[in-house]
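Data file: model.tsv. Format and content: TSV, C-alpha atoms.
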```tsv
chain	number	residue	atom	x	y	z
A	202	MET	CA	18.07	44.12	95.45
A	203	THR	CA	21.51	42.58	95.54
A	204	THR	CA	21.78	38.81	95.35
A	205	HIS	CA	24.13	36.47	97.13
A	206	ASP	CA	27.63	36.51	95.69
A	207	ALA	CA	29.00	32.98	96.12
A	208	THR	CA	32.58	34.29	95.99
A	209	TRP	CA	32.14	35.62	99.53
A	210	PRO	CA	32.88	32.92	102.18
A	211	SER	CA	29.77	31.52	103.86
A	212	HIS	CA	31.13	31.75	107.43
A	213	GLY	CA	33.37	33.99	109.51
A	214	GLY	CA	37.01	33.27	110.21
A	215	GLN	CA	37.88	32.64	106.55
A	216	ALA	CA	40.47	35.31	105.94
A	217	GLY	CA	42.30	33.72	102.99
A	218	PRO	CA	39.67	34.19	100.27
A	219	LEU	CA	38.90	37.72	101.46
A	220	LEU	CA	42.53	38.82	101.47
A	221	ALA	CA	42.89	37.45	97.94
A	222	ARG	CA	39.69	39.18	96.86
A	223	PHE	CA	41.14	42.57	97.80
A	224	GLY	CA	44.67	41.89	96.59
A	225	LEU	CA	46.26	41.57	100.04
A	226	PRO	CA	48.99	39.03	100.89
A	227	PRO	CA	48.11	35.88	102.86
A	228	ASP	CA	50.28	37.04	105.78
A	229	HIS	CA	48.52	40.41	106.08
A	230	PRO	CA	48.16	40.86	109.88
A	231	LEU	CA	44.54	40.69	111.03
A	232	HIS	CA	42.42	40.98	114.14
A	233	ASP	CA	39.45	38.68	113.60
A	234	PHE	CA	36.11	40.38	114.34
A	235	SER	CA	34.24	37.97	112.07
A	236	THR	CA	33.84	35.08	114.52
A	237	ASN	CA	31.59	35.66	117.52
A	238	LEU	CA	33.43	33.68	120.21
A	239	ASN	CA	34.08	34.67	123.81
A	240	PRO	CA	37.32	36.74	123.71
A	241	LEU	CA	38.18	35.53	127.23
A	242	GLY	CA	39.05	32.24	125.58
A	243	PRO	CA	38.39	28.82	127.13
A	244	PRO	CA	38.61	28.46	130.92
A	245	ASP	CA	42.22	28.11	132.06
A	246	TRP	CA	41.73	24.54	133.27
A	247	VAL	CA	40.58	23.14	129.90
A	248	PRO	CA	44.00	22.03	128.52
A	249	SER	CA	44.90	20.04	131.63
A	250	ARG	CA	41.44	18.48	131.76
A	251	LEU	CA	41.73	17.41	128.13
A	252	ALA	CA	45.17	15.94	128.78
A	253	ALA	CA	43.83	13.99	131.75
A	254	ALA	CA	40.98	12.62	129.63
A	255	ALA	CA	43.28	11.52	126.80
A	256	ASP	CA	43.67	8.00	128.19
A	257	GLY	CA	40.02	7.41	127.39
A	258	LEU	CA	40.67	7.82	123.66
A	259	VAL	CA	41.51	4.10	123.42
A	260	HIS	CA	37.84	3.33	124.18
A	261	TYR	CA	34.60	4.16	122.41
A	262	PRO	CA	32.61	6.94	124.09
A	263	ALA	CA	29.77	5.84	126.33
A	264	PRO	CA	26.90	5.37	123.85
A	265	ASP	CA	24.37	7.20	126.04
A	266	TYR	CA	26.72	10.04	127.14
A	267	ARG	CA	25.02	9.76	130.50
A	268	THR	CA	27.35	11.98	132.55
A	269	ALA	CA	27.15	14.85	130.05
A	270	ARG	CA	23.39	14.55	129.63
A	271	GLU	CA	22.80	14.45	133.38
A	272	ALA	CA	24.80	17.69	133.79
A	273	ILE	CA	22.82	19.38	131.02
A	274	ALA	CA	19.51	18.15	132.39
A	275	CYS	CA	20.37	19.42	135.88
A	276	GLN	CA	21.28	22.88	134.60
A	277	ALA	CA	18.25	23.13	132.28
A	278	GLY	CA	15.77	21.70	134.79
A	279	VAL	CA	14.56	18.92	132.49
A	280	ALA	CA	14.67	15.12	132.50
A	281	MET	CA	17.80	13.47	131.13
A	282	GLU	CA	15.60	11.81	128.48
A	283	GLN	CA	14.87	15.28	127.12
A	284	VAL	CA	18.56	15.87	126.28
A	285	LEU	CA	20.39	14.86	123.12
A	286	LEU	CA	24.15	15.53	123.03
A	287	THR	CA	25.34	16.54	119.55
A	288	ASN	CA	28.49	17.17	117.56
A	289	GLY	CA	28.19	20.94	117.89
A	290	GLY	CA	25.10	23.01	117.23
A	291	ALA	CA	25.41	22.25	113.51
A	292	GLU	CA	24.67	18.56	113.98
A	293	ALA	CA	21.60	19.43	116.06
A	294	ILE	CA	20.32	21.64	113.22
A	295	PHE	CA	20.79	18.92	110.62
A	296	LEU	CA	19.27	16.21	112.83
A	297	VAL	CA	16.10	18.27	113.32
A	298	ALA	CA	15.84	18.80	109.57
A	299	ALA	CA	16.40	15.07	108.94
A	300	ALA	CA	13.57	14.18	111.31
A	301	HIS	CA	11.24	16.40	109.25
A	302	ALA	CA	12.51	15.45	105.79
A	303	GLY	CA	10.22	16.23	102.89
A	304	GLY	CA	8.02	18.60	104.88
A	305	ARG	CA	7.72	22.37	104.95
A	306	ALA	CA	9.81	24.86	106.90
A	307	ALA	CA	9.65	28.58	107.62
A	308	ILE	CA	12.73	30.53	108.69
A	309	VAL	CA	12.63	33.89	110.47
A	310	GLN	CA	15.15	35.97	108.51
A	311	PRO	CA	17.78	37.36	108.43
A	312	THR	CA	19.49	34.61	110.36
A	313	PHE	CA	22.14	31.87	110.45
A	314	ASN	CA	22.18	30.28	107.01
A	315	GLU	CA	22.70	26.70	108.21
A	316	TYR	CA	18.97	26.36	108.96
A	317	ALA	CA	18.14	26.82	105.27
A	318	ARG	CA	21.06	24.64	104.22
A	319	ALA	CA	19.92	21.79	106.48
A	320	CYS	CA	16.34	22.07	105.25
A	321	ARG	CA	17.43	21.96	101.62
A	322	ALA	CA	19.62	18.92	102.33
A	323	PHE	CA	16.56	16.98	103.50
A	324	GLY	CA	14.07	18.20	100.94
A	325	LEU	CA	12.02	20.61	103.02
A	326	ALA	CA	10.25	23.38	101.13
A	327	VAL	CA	11.38	26.63	102.76
A	328	ASP	CA	9.51	29.91	103.21
A	329	ASP	CA	11.42	32.97	104.42
A	330	ILE	CA	9.72	35.23	106.96
A	331	GLN	CA	11.54	38.54	106.64
A	332	LEU	CA	11.82	40.90	109.60
A	333	PRO	CA	12.52	44.50	108.53
A	334	PRO	CA	15.38	46.66	109.85
A	335	PRO	CA	16.25	48.47	111.94
A	336	ASP	CA	14.46	46.80	114.87
A	337	PHE	CA	13.79	43.38	113.27
A	338	SER	CA	10.75	42.99	115.52
A	339	LEU	CA	8.55	39.89	115.37
A	340	ASP	CA	4.74	40.08	115.46
A	341	PRO	CA	3.58	36.68	116.78
A	342	GLU	CA	-0.04	37.15	115.70
A	343	ARG	CA	0.88	37.96	112.13
A	344	LEU	CA	3.47	35.20	111.95
A	345	GLY	CA	1.31	32.60	113.66
A	346	VAL	CA	-1.68	32.94	111.35
A	347	SER	CA	0.57	32.87	108.27
A	348	LEU	CA	2.02	29.44	109.10
A	349	THR	CA	0.97	26.55	106.90
A	350	PRO	CA	-0.24	23.67	109.13
A	351	GLY	CA	2.58	21.25	109.92
A	352	THR	CA	5.36	23.77	109.25
A	353	LEU	CA	8.73	23.53	111.03
A	354	LEU	CA	9.50	27.09	112.18
A	355	TRP	CA	13.11	28.18	112.84
A	356	LEU	CA	13.98	31.10	115.11
A	357	CYS	CA	17.33	32.23	116.58
A	358	ARG	CA	17.30	33.95	120.01
A	359	PRO	CA	19.39	36.10	120.39
A	360	ASN	CA	19.54	36.21	116.64
A	361	ASN	CA	22.66	35.86	114.53
A	362	PRO	CA	23.54	38.24	112.87
A	363	THR	CA	21.22	40.99	114.20
A	364	ALA	CA	21.96	40.42	117.95
A	365	THR	CA	18.28	41.12	118.69
A	366	LEU	CA	16.27	39.18	121.28
A	367	VAL	CA	12.63	38.15	120.86
A	368	PRO	CA	10.96	38.68	124.27
A	369	ARG	CA	9.95	35.57	126.17
A	370	GLU	CA	6.27	36.55	126.21
A	371	THR	CA	6.36	36.89	122.42
A	372	VAL	CA	7.86	33.40	122.16
A	373	GLU	CA	5.12	31.99	124.41
A	374	ARG	CA	2.40	33.53	122.26
A	375	LEU	CA	4.08	32.24	119.09
A	376	LEU	CA	4.30	28.72	120.55
A	377	THR	CA	0.59	28.79	121.39
A	378	LEU	CA	-0.36	29.93	117.89
A	379	ALA	CA	2.01	27.42	116.29
A	380	ALA	CA	0.61	24.54	118.36
A	381	ALA	CA	-2.90	25.37	117.18
A	382	ARG	CA	-1.70	24.89	113.59
A	383	GLY	CA	0.27	21.72	114.31
A	384	CYS	CA	3.61	23.49	113.84
A	385	ARG	CA	6.85	22.71	115.66
A	386	VAL	CA	9.12	25.64	116.63
A	387	VAL	CA	12.91	25.24	116.73
A	388	ILE	CA	14.68	27.97	118.71
A	389	ASP	CA	18.46	28.25	118.61
A	390	GLU	CA	19.80	29.66	121.89
A	391	ALA	CA	23.51	29.41	121.05
A	392	PHE	CA	24.09	32.97	122.36
A	393	ILE	CA	21.71	33.03	125.33
A	394	ASP	CA	24.55	33.12	127.90
A	395	PHE	CA	25.74	36.47	126.51
A	396	VAL	CA	22.45	38.20	127.33
A	397	THR	CA	22.77	40.65	130.23
A	398	PRO	CA	21.15	41.09	132.63
A	399	PRO	CA	20.94	37.28	132.54
A	400	GLN	CA	17.82	36.14	130.71
A	401	GLU	CA	16.15	32.94	131.71
A	402	GLY	CA	16.45	30.53	128.80
A	403	LEU	CA	13.38	28.91	127.35
A	404	ALA	CA	13.93	25.42	128.81
A	405	PRO	CA	11.10	25.87	131.39
A	406	LEU	CA	8.67	26.22	128.49
A	407	LEU	CA	9.30	22.60	127.50
A	408	ALA	CA	6.96	21.54	130.30
A	409	ARG	CA	4.10	23.45	128.64
A	410	PHE	CA	4.85	23.20	124.93
A	411	ASP	CA	5.63	19.83	123.36
A	412	ASN	CA	6.03	21.59	119.99
A	413	LEU	CA	9.22	23.35	121.20
A	414	VAL	CA	12.76	22.22	120.31
A	415	LEU	CA	15.71	24.13	121.80
A	416	LEU	CA	19.24	24.08	120.39
A	417	ARG	CA	22.28	25.02	122.47
A	418	SER	CA	26.02	25.16	121.85
A	419	LEU	CA	29.04	25.23	124.15
A	420	THR	CA	31.18	26.57	121.30
A	421	LYS	CA	30.47	30.28	121.68
A	422	LEU	CA	30.58	30.88	125.42
A	423	TYR	CA	33.62	28.67	126.06
A	424	ALA	CA	35.47	29.56	122.82
A	425	LEU	CA	35.92	25.91	121.80
A	426	PRO	CA	34.76	25.75	118.15
A	427	GLY	CA	37.21	22.95	117.33
A	428	LEU	CA	35.79	20.65	120.00
A	429	ARG	CA	32.28	20.49	118.46
A	430	VAL	CA	29.89	20.03	121.35
A	431	GLY	CA	26.27	21.11	121.57
A	432	TYR	CA	22.92	19.72	122.62
A	433	LEU	CA	19.22	19.65	121.93
A	434	LEU	CA	16.31	19.89	124.39
A	435	ALA	CA	12.81	18.69	123.55
A	436	SER	CA	10.06	16.36	124.72
A	437	GLU	CA	11.17	12.79	125.40
A	438	SER	CA	9.33	11.49	122.34
A	439	MET	CA	10.84	14.19	120.10
A	440	VAL	CA	14.34	13.44	121.37
A	441	ARG	CA	13.85	9.72	120.60
A	442	ASN	CA	12.63	10.60	117.12
A	443	ILE	CA	15.56	12.90	116.36
A	444	LYS	CA	18.13	10.56	117.91
A	445	ALA	CA	17.13	7.87	115.39
A	446	TYR	CA	18.89	9.97	112.73
A	447	GLN	CA	22.12	10.46	114.69
A	448	PRO	CA	25.13	8.29	113.80
A	449	PRO	CA	26.58	6.23	116.69
A	450	TRP	CA	29.28	7.98	118.73
A	451	SER	CA	28.93	11.24	116.81
A	452	VAL	CA	30.29	13.15	119.83
A	453	ASN	CA	33.90	12.34	120.64
A	454	HIS	CA	35.15	11.29	124.09
A	455	LEU	CA	37.04	14.51	124.85
A	456	ALA	CA	34.05	16.71	124.04
A	457	ALA	CA	31.70	14.59	126.14
A	458	GLU	CA	34.08	14.61	129.09
A	459	LEU	CA	34.22	18.43	129.14
A	460	VAL	CA	30.48	19.06	129.27
A	461	ALA	CA	29.92	18.61	133.01
A	462	PRO	CA	32.95	20.63	134.19
A	463	LEU	CA	32.21	23.42	131.72
A	464	LEU	CA	28.64	23.77	132.97
A	465	ALA	CA	29.87	23.67	136.56
A	466	ASP	CA	32.27	26.60	136.03
A	467	THR	CA	29.90	29.35	137.13
A	468	ALA	CA	32.81	31.68	137.91
A	469	PHE	CA	33.78	31.73	134.23
A	470	LEU	CA	30.21	32.63	133.25
A	471	ALA	CA	30.16	35.42	135.85
A	472	ARG	CA	33.48	36.78	134.58
A	473	THR	CA	32.16	36.75	131.00
A	474	ARG	CA	29.05	38.69	131.99
A	475	GLN	CA	31.10	41.21	133.94
A	476	TRP	CA	33.22	41.83	130.83
A	477	LEU	CA	30.07	42.20	128.72
A	478	THR	CA	28.54	44.72	131.11
A	479	GLY	CA	31.50	47.05	130.75
A	480	GLU	CA	32.68	46.53	127.20
A	481	ARG	CA	29.51	46.12	125.14
A	482	PRO	CA	28.10	49.64	125.79
A	483	ARG	CA	31.56	51.17	125.28
A	484	LEU	CA	31.96	49.58	121.87
A	485	GLN	CA	28.37	50.33	120.86
A	486	ALA	CA	28.85	54.02	121.66
A	487	GLY	CA	32.19	54.09	119.84
A	488	LEU	CA	30.75	52.50	116.70
A	489	ALA	CA	27.93	55.05	116.64
A	490	ALA	CA	30.41	57.91	117.15
A	491	ALA	CA	32.37	56.59	114.17
A	492	GLY	CA	29.40	57.24	111.88
A	493	LEU	CA	27.78	53.81	111.87
A	494	GLU	CA	24.17	52.83	112.34
A	495	VAL	CA	24.32	50.25	115.14
A	496	ILE	CA	21.58	47.76	116.02
A	497	PRO	CA	21.43	47.62	119.86
A	498	SER	CA	23.02	44.29	120.79
A	499	ARG	CA	21.79	41.63	123.22
A	500	ALA	CA	24.65	39.28	122.30
A	501	ASN	CA	28.44	39.40	121.85
A	502	PHE	CA	28.43	41.05	118.42
A	503	PHE	CA	26.99	44.06	116.59
A	504	LEU	CA	25.23	44.52	113.27
A	505	VAL	CA	26.28	47.82	111.69
A	506	ARG	CA	26.16	49.75	108.45
A	507	PRO	CA	27.31	53.18	107.31
A	508	ALA	CA	24.83	55.87	108.38
A	509	ILE	CA	24.17	57.41	104.98
A	510	GLU	CA	21.48	59.05	102.91
A	511	VAL	CA	20.98	57.67	99.41
A	512	GLU	CA	19.42	59.35	96.39
A	513	ALA	CA	16.80	56.72	95.53
A	514	THR	CA	16.54	57.63	91.84
A	515	ALA	CA	20.24	57.62	91.06
A	516	GLY	CA	21.57	55.32	93.76
A	517	GLN	CA	24.14	57.91	94.73
A	518	VAL	CA	25.43	58.54	98.25
A	519	GLN	CA	24.71	62.15	99.20
A	520	HIS	CA	26.03	62.66	102.74
A	521	ARG	CA	26.35	60.86	106.05
A	522	ARG	CA	23.38	60.90	108.40
A	523	PRO	CA	21.28	58.25	110.18
A	524	VAL	CA	18.82	56.38	107.97
A	525	ASP	CA	15.40	55.27	109.16
A	526	GLY	CA	13.98	51.75	109.08
A	527	SER	CA	11.86	52.27	105.97
A	528	ILE	CA	14.80	52.17	103.56
A	529	GLN	CA	13.61	51.26	100.07
A	530	ALA	CA	14.70	48.17	98.17
A	531	LEU	CA	15.95	50.50	95.44
A	532	MET	CA	18.60	51.81	97.82
A	533	THR	CA	20.01	48.41	98.79
A	534	GLU	CA	22.63	48.14	96.06
A	535	ALA	CA	24.15	51.56	96.79
A	536	ILE	CA	24.23	50.79	100.51
A	537	ALA	CA	25.84	47.40	99.91
A	538	LEU	CA	28.54	49.01	97.80
A	539	THR	CA	29.21	51.57	100.51
A	540	THR	CA	29.38	48.78	103.11
A	541	GLU	CA	31.78	46.87	100.91
A	542	ARG	CA	34.07	49.89	100.81
A	543	LEU	CA	33.94	49.98	104.60
A	544	PHE	CA	34.74	46.26	104.73
A	545	GLU	CA	37.77	46.79	102.49
A	546	ARG	CA	38.95	49.79	104.51
A	547	LEU	CA	38.85	47.77	107.71
A	548	LEU	CA	40.54	44.79	106.08
A	549	ARG	CA	43.42	46.93	104.88
A	550	ALA	CA	43.69	48.34	108.42
A	551	GLY	CA	44.02	44.81	109.82
A	552	ILE	CA	40.38	44.29	110.90
A	553	LEU	CA	38.44	41.28	109.56
A	554	ALA	CA	34.68	41.96	109.74
A	555	ARG	CA	31.89	39.52	108.90
A	556	HIS	CA	30.15	40.36	105.64
A	557	THR	CA	26.40	39.74	105.28
A	558	HIS	CA	26.23	38.45	101.72
A	559	GLY	CA	24.06	35.35	101.96
A	560	PHE	CA	21.84	36.65	104.77
A	561	PRO	CA	18.43	37.17	103.11
A	562	GLY	CA	17.26	40.72	103.64
A	563	LEU	CA	20.73	42.03	104.49
A	564	ASP	CA	22.35	41.16	101.15
A	565	GLY	CA	25.75	42.58	101.98
A	566	GLY	CA	24.42	45.95	103.16
A	567	TRP	CA	25.57	45.42	106.76
A	568	LEU	CA	28.63	44.15	108.63
A	569	ARG	CA	28.72	42.02	111.76
A	570	LEU	CA	31.45	42.92	114.24
A	571	ALA	CA	32.26	40.67	117.19
A	572	LEU	CA	32.83	42.07	120.65
A	573	ARG	CA	36.44	41.34	121.54
A	574	ASP	CA	38.84	42.28	124.34
A	575	ARG	CA	39.26	45.95	125.21
A	576	ASP	CA	42.55	46.47	123.34
A	577	SER	CA	41.17	44.90	120.15
A	578	ASN	CA	37.95	46.90	120.38
A	579	THR	CA	39.97	50.09	120.79
A	580	ARG	CA	41.99	49.14	117.72
A	581	LEU	CA	38.75	48.68	115.75
A	582	LEU	CA	37.53	52.13	116.78
A	583	GLY	CA	40.87	53.58	115.82
A	584	ALA	CA	40.58	52.02	112.36
A	585	LEU	CA	37.19	53.70	112.03
A	586	GLY	CA	38.75	57.05	112.86
A	587	GLU	CA	37.00	57.65	116.19
A	588	GLY	CA	38.96	55.38	118.53
A	589	GLU	CA	40.39	56.09	121.91
A	590	GLU	CA	44.11	56.19	122.50
A	591	SER	CA	45.35	52.73	123.43
```

Once more with this new file: its structure as structure tokens, please.
Amino acid sequence: MTTHDATWPSHGGQAGPLLARFGLPPDHPLHDFSTNLNPLGPPDWVPSRLAAAADGLVHYPAPDYRTAREAIACQAGVAMEQVLLTNGGAEAIFLVAAAHAGGRAAIVQPTFNEYARACRAFGLAVDDIQLPPPDFSLDPERLGVSLTPGTLLWLCRPNNPTATLVPRETVERLLTLAAARGCRVVIDEAFIDFVTPPQEGLAPLLARFDNLVLLRSLTKLYALPGLRVGYLLASESMVRNIKAYQPPWSVNHLAAELVAPLLADTAFLARTRQWLTGERPRLQAGLAAAGLEVIPSRANFFLVRPAIEVEATAGQVQHRRPVDGSIQALMTEAIALTTERLFERLLRAGILARHTHGFPGLDGGWLRLALRDRDSNTRLLGALGEGEES
């Protein structure tokens, strides 16, 4: 199998090193499909609201972030004491790892690599639980009985980068099995608002499972990655424990002031879901028509790879056709090379995709493509040779 090549950037949106890697100039025009943000952009009122809140920058933020936490608690249907406001979803990930320093973790892979990075930073021994393509389905019985007692289990729902969604009933069974083994389950719901028809989040399960920790982010839905605002939901005792590791005032005043009005803007959420309903199936069909194997998406991005047949003994590409989910490890290198050629082709055509080097089990053999506005999506399909006329 291929191994992680550290020369590939670890996150999306890093065009510079990739342009240099393929000999393209820094000003090569690009449409960024590597970052999975809402293409509608932030709500129109955000700039004026930030400007109005600027006077508060001369003061320290309220240490308890009460207004923001009350808004989150109201939306999630939990007590305010079950909410911890964080400096983006990344801080929440690292705080959870800090609160379990020196223990053992298990990560359902392939997934966002910051879970493993946070665990390593705080000395947790990490086991990878690999879900096989193409459906990446999770068997709660098999996973539950394999957990070492006391393990911290990480799961992303919908998952990044596969865009798959573990059903709620599967999560409930997994939580029951994990509780019996004294295991805590951390579920990252950063993309839950992109699921259509709207899926109920897992916050109601907090009343039944004190081994559940939920992570949320306002970055993705509201396209505000520079603001850094997220939150964590858990039992009151777990929130107190995790908060002990959080630096004072880690969330800035402007971010905290935006939480309540963002959550109150239900019209923006409705508009986002309306866009998803029309554009996601169109792009999925277009990607498949362009000769790609496409994992059906429950989020705002797609995981794809060239639909090819590989000669297992020689590692040679024979001809294009759909591959099944039992692809052999021996084929991975040839597939990754073919995917890299696709990545380069798109880059030269002005399309920046997200590579999957560094995602265990994907190892560069797939690309992640964000769902963008209609014109950009049409441009992507055109670059693949099967696009509509714009």

What does the structure give for the distance between atom CA of Ala491 of chain A and atom CA of Leu238 of chain A, in Å to one decimal?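 Computing the Euclidean distance for atom CA of Ala491 of chain A and atom CA of Leu238 of chain A yields 23.7 Å.
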
Excluding segment 429-434 of chain A and any residue of its chain fewer than 4 positions from it, enumerate the residues within 7 Å of it, using only C-alpha atoms, and give them as a ChimeraX atom specification. /A:283-290,293,414-420,456

Next, the residues of the selection above should be written as a PDB file, keeping the file's coordinate frame with C-alpha atoms.
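What follows is the written file out.pdb:
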```pdb
ATOM      1  CA  GLN A 283      14.870  15.280 127.120  1.00  0.00           C
ATOM      2  CA  VAL A 284      18.560  15.870 126.280  1.00  0.00           C
ATOM      3  CA  LEU A 285      20.390  14.860 123.120  1.00  0.00           C
ATOM      4  CA  LEU A 286      24.150  15.530 123.030  1.00  0.00           C
ATOM      5  CA  THR A 287      25.340  16.540 119.550  1.00  0.00           C
ATOM      6  CA  ASN A 288      28.490  17.170 117.560  1.00  0.00           C
ATOM      7  CA  GLY A 289      28.190  20.940 117.890  1.00  0.00           C
ATOM      8  CA  GLY A 290      25.100  23.010 117.230  1.00  0.00           C
ATOM      9  CA  ALA A 293      21.600  19.430 116.060  1.00  0.00           C
ATOM     10  CA  VAL A 414      12.760  22.220 120.310  1.00  0.00           C
ATOM     11  CA  LEU A 415      15.710  24.130 121.800  1.00  0.00           C
ATOM     12  CA  LEU A 416      19.240  24.080 120.390  1.00  0.00           C
ATOM     13  CA  ARG A 417      22.280  25.020 122.470  1.00  0.00           C
ATOM     14  CA  SER A 418      26.020  25.160 121.850  1.00  0.00           C
ATOM     15  CA  LEU A 419      29.040  25.230 124.150  1.00  0.00           C
ATOM     16  CA  THR A 420      31.180  26.570 121.300  1.00  0.00           C
ATOM     17  CA  ALA A 456      34.050  16.710 124.040  1.00  0.00           C
TER      18      ALA A 456
END
```

Of the candidates A:Cys275, A:Thr467, A:Leu568, A:Arg546, which shows the shortest atom-to-atom distance to Asp394 of chain A, using only C-alpha atoms?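 Of all the options, A:Thr467 lies closest to Asp394 of chain A.
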
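The smallest atom-to-atom distance between Val460 of chain A and any of A:Tyr266, A:Phe337, A:Phe234, A:Phe323, using only C-alpha atoms, is found for A:Tyr266.
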
Nearest residue to Thr397 of chain A out of A:Glu315, A:Glu342, A:Glu271, A:Glu480, using all atoms listed in the file?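 Selected residue with least distance to Thr397 of chain A: A:Glu480.
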
Distance query Gly242 of chain A at most 10 Å, all atoms listed in the file, self and fewer than 6 positions along chain excluded, as a list in words: Lys421, Leu422, Tyr423, Ala424, Leu425 and Thr473 of chain A

Enclosing box along x, y and z for every listed atom of segment 284-300 of chain A, padded 8 Å each side, centre and size in Å, one decimal, as AutoDock Vina command-line options:
```
--center_x 21.0 --center_y 18.6 --center_z 117.6 --size_x 30.9 --size_y 24.8 --size_z 33.3
```

Nearest candidate to Gln400 of chain A (options A:Asp576, A:Phe469, A:Ala364, A:Arg499; using all atoms listed in the file):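 Comparing A:Asp576, A:Phe469, A:Ala364, A:Arg499 against Gln400 of chain A, the winner is A:Arg499.
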
Quick one: distance from atom CA of Asp328 of chain A to atom CA of Val387 of chain A in Å, one decimal?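 Value for the atom CA of Asp328 of chain A-atom CA of Val387 of chain A distance: 14.7 Å.
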
Nearest candidate to Leu339 of chain A (options A:Thr377, A:Gln485, A:Thr371, A:Asn361; using only C-alpha atoms): A:Thr371

Using all atoms listed in the file for the distances, tell me which of A:Pro227, A:Gly304, A:Pro311, A:Gly565 is nearest to Cys357 of chain A.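 Once distances to Cys357 of chain A are computed over all atoms listed in the file, the minimum belongs to A:Pro311.
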
Radius query 12 Å about (34.1, 8.5, 128.3), atoms used: all atoms listed in the file, as a compact mmCIF listing (two decimals) with C-alpha atoms, in the coordinates of the input:
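Listed below is the output, result-v4.txt:
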```txt
# COMPACT_ATOMS: atom_id res chain seq x y z
CA LEU A 251 41.73 17.41 128.13
CA ALA A 253 43.83 13.99 131.75
CA ALA A 254 40.98 12.62 129.63
CA ALA A 255 43.28 11.52 126.80
CA ASP A 256 43.67 8.00 128.19
CA GLY A 257 40.02 7.41 127.39
CA LEU A 258 40.67 7.82 123.66
CA VAL A 259 41.51 4.10 123.42
CA HIS A 260 37.84 3.33 124.18
CA TYR A 261 34.60 4.16 122.41
CA PRO A 262 32.61 6.94 124.09
CA ALA A 263 29.77 5.84 126.33
CA PRO A 264 26.90 5.37 123.85
CA ASP A 265 24.37 7.20 126.04
CA TYR A 266 26.72 10.04 127.14
CA ARG A 267 25.02 9.76 130.50
CA THR A 268 27.35 11.98 132.55
CA ALA A 269 27.15 14.85 130.05
CA TRP A 450 29.28 7.98 118.73
CA VAL A 452 30.29 13.15 119.83
CA ASN A 453 33.90 12.34 120.64
CA HIS A 454 35.15 11.29 124.09
CA LEU A 455 37.04 14.51 124.85
CA ALA A 456 34.05 16.71 124.04
CA ALA A 457 31.70 14.59 126.14
CA GLU A 458 34.08 14.61 129.09
CA LEU A 459 34.22 18.43 129.14
CA VAL A 460 30.48 19.06 129.27
CA ALA A 461 29.92 18.61 133.01
```

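Rounded to one decimal, atom CA of Leu407 of chain A and atom CA of Ser436 of chain A lie 6.9 Å from each other.
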
Which polymer residues have any atom within 10 Å of an atom of Ser347 of chain A, counting all atoms listed in the file, with same-chain residues fewer than 5 positions away left out, as a PyMOL selection string? chain A and resi 330+341-342+379+382
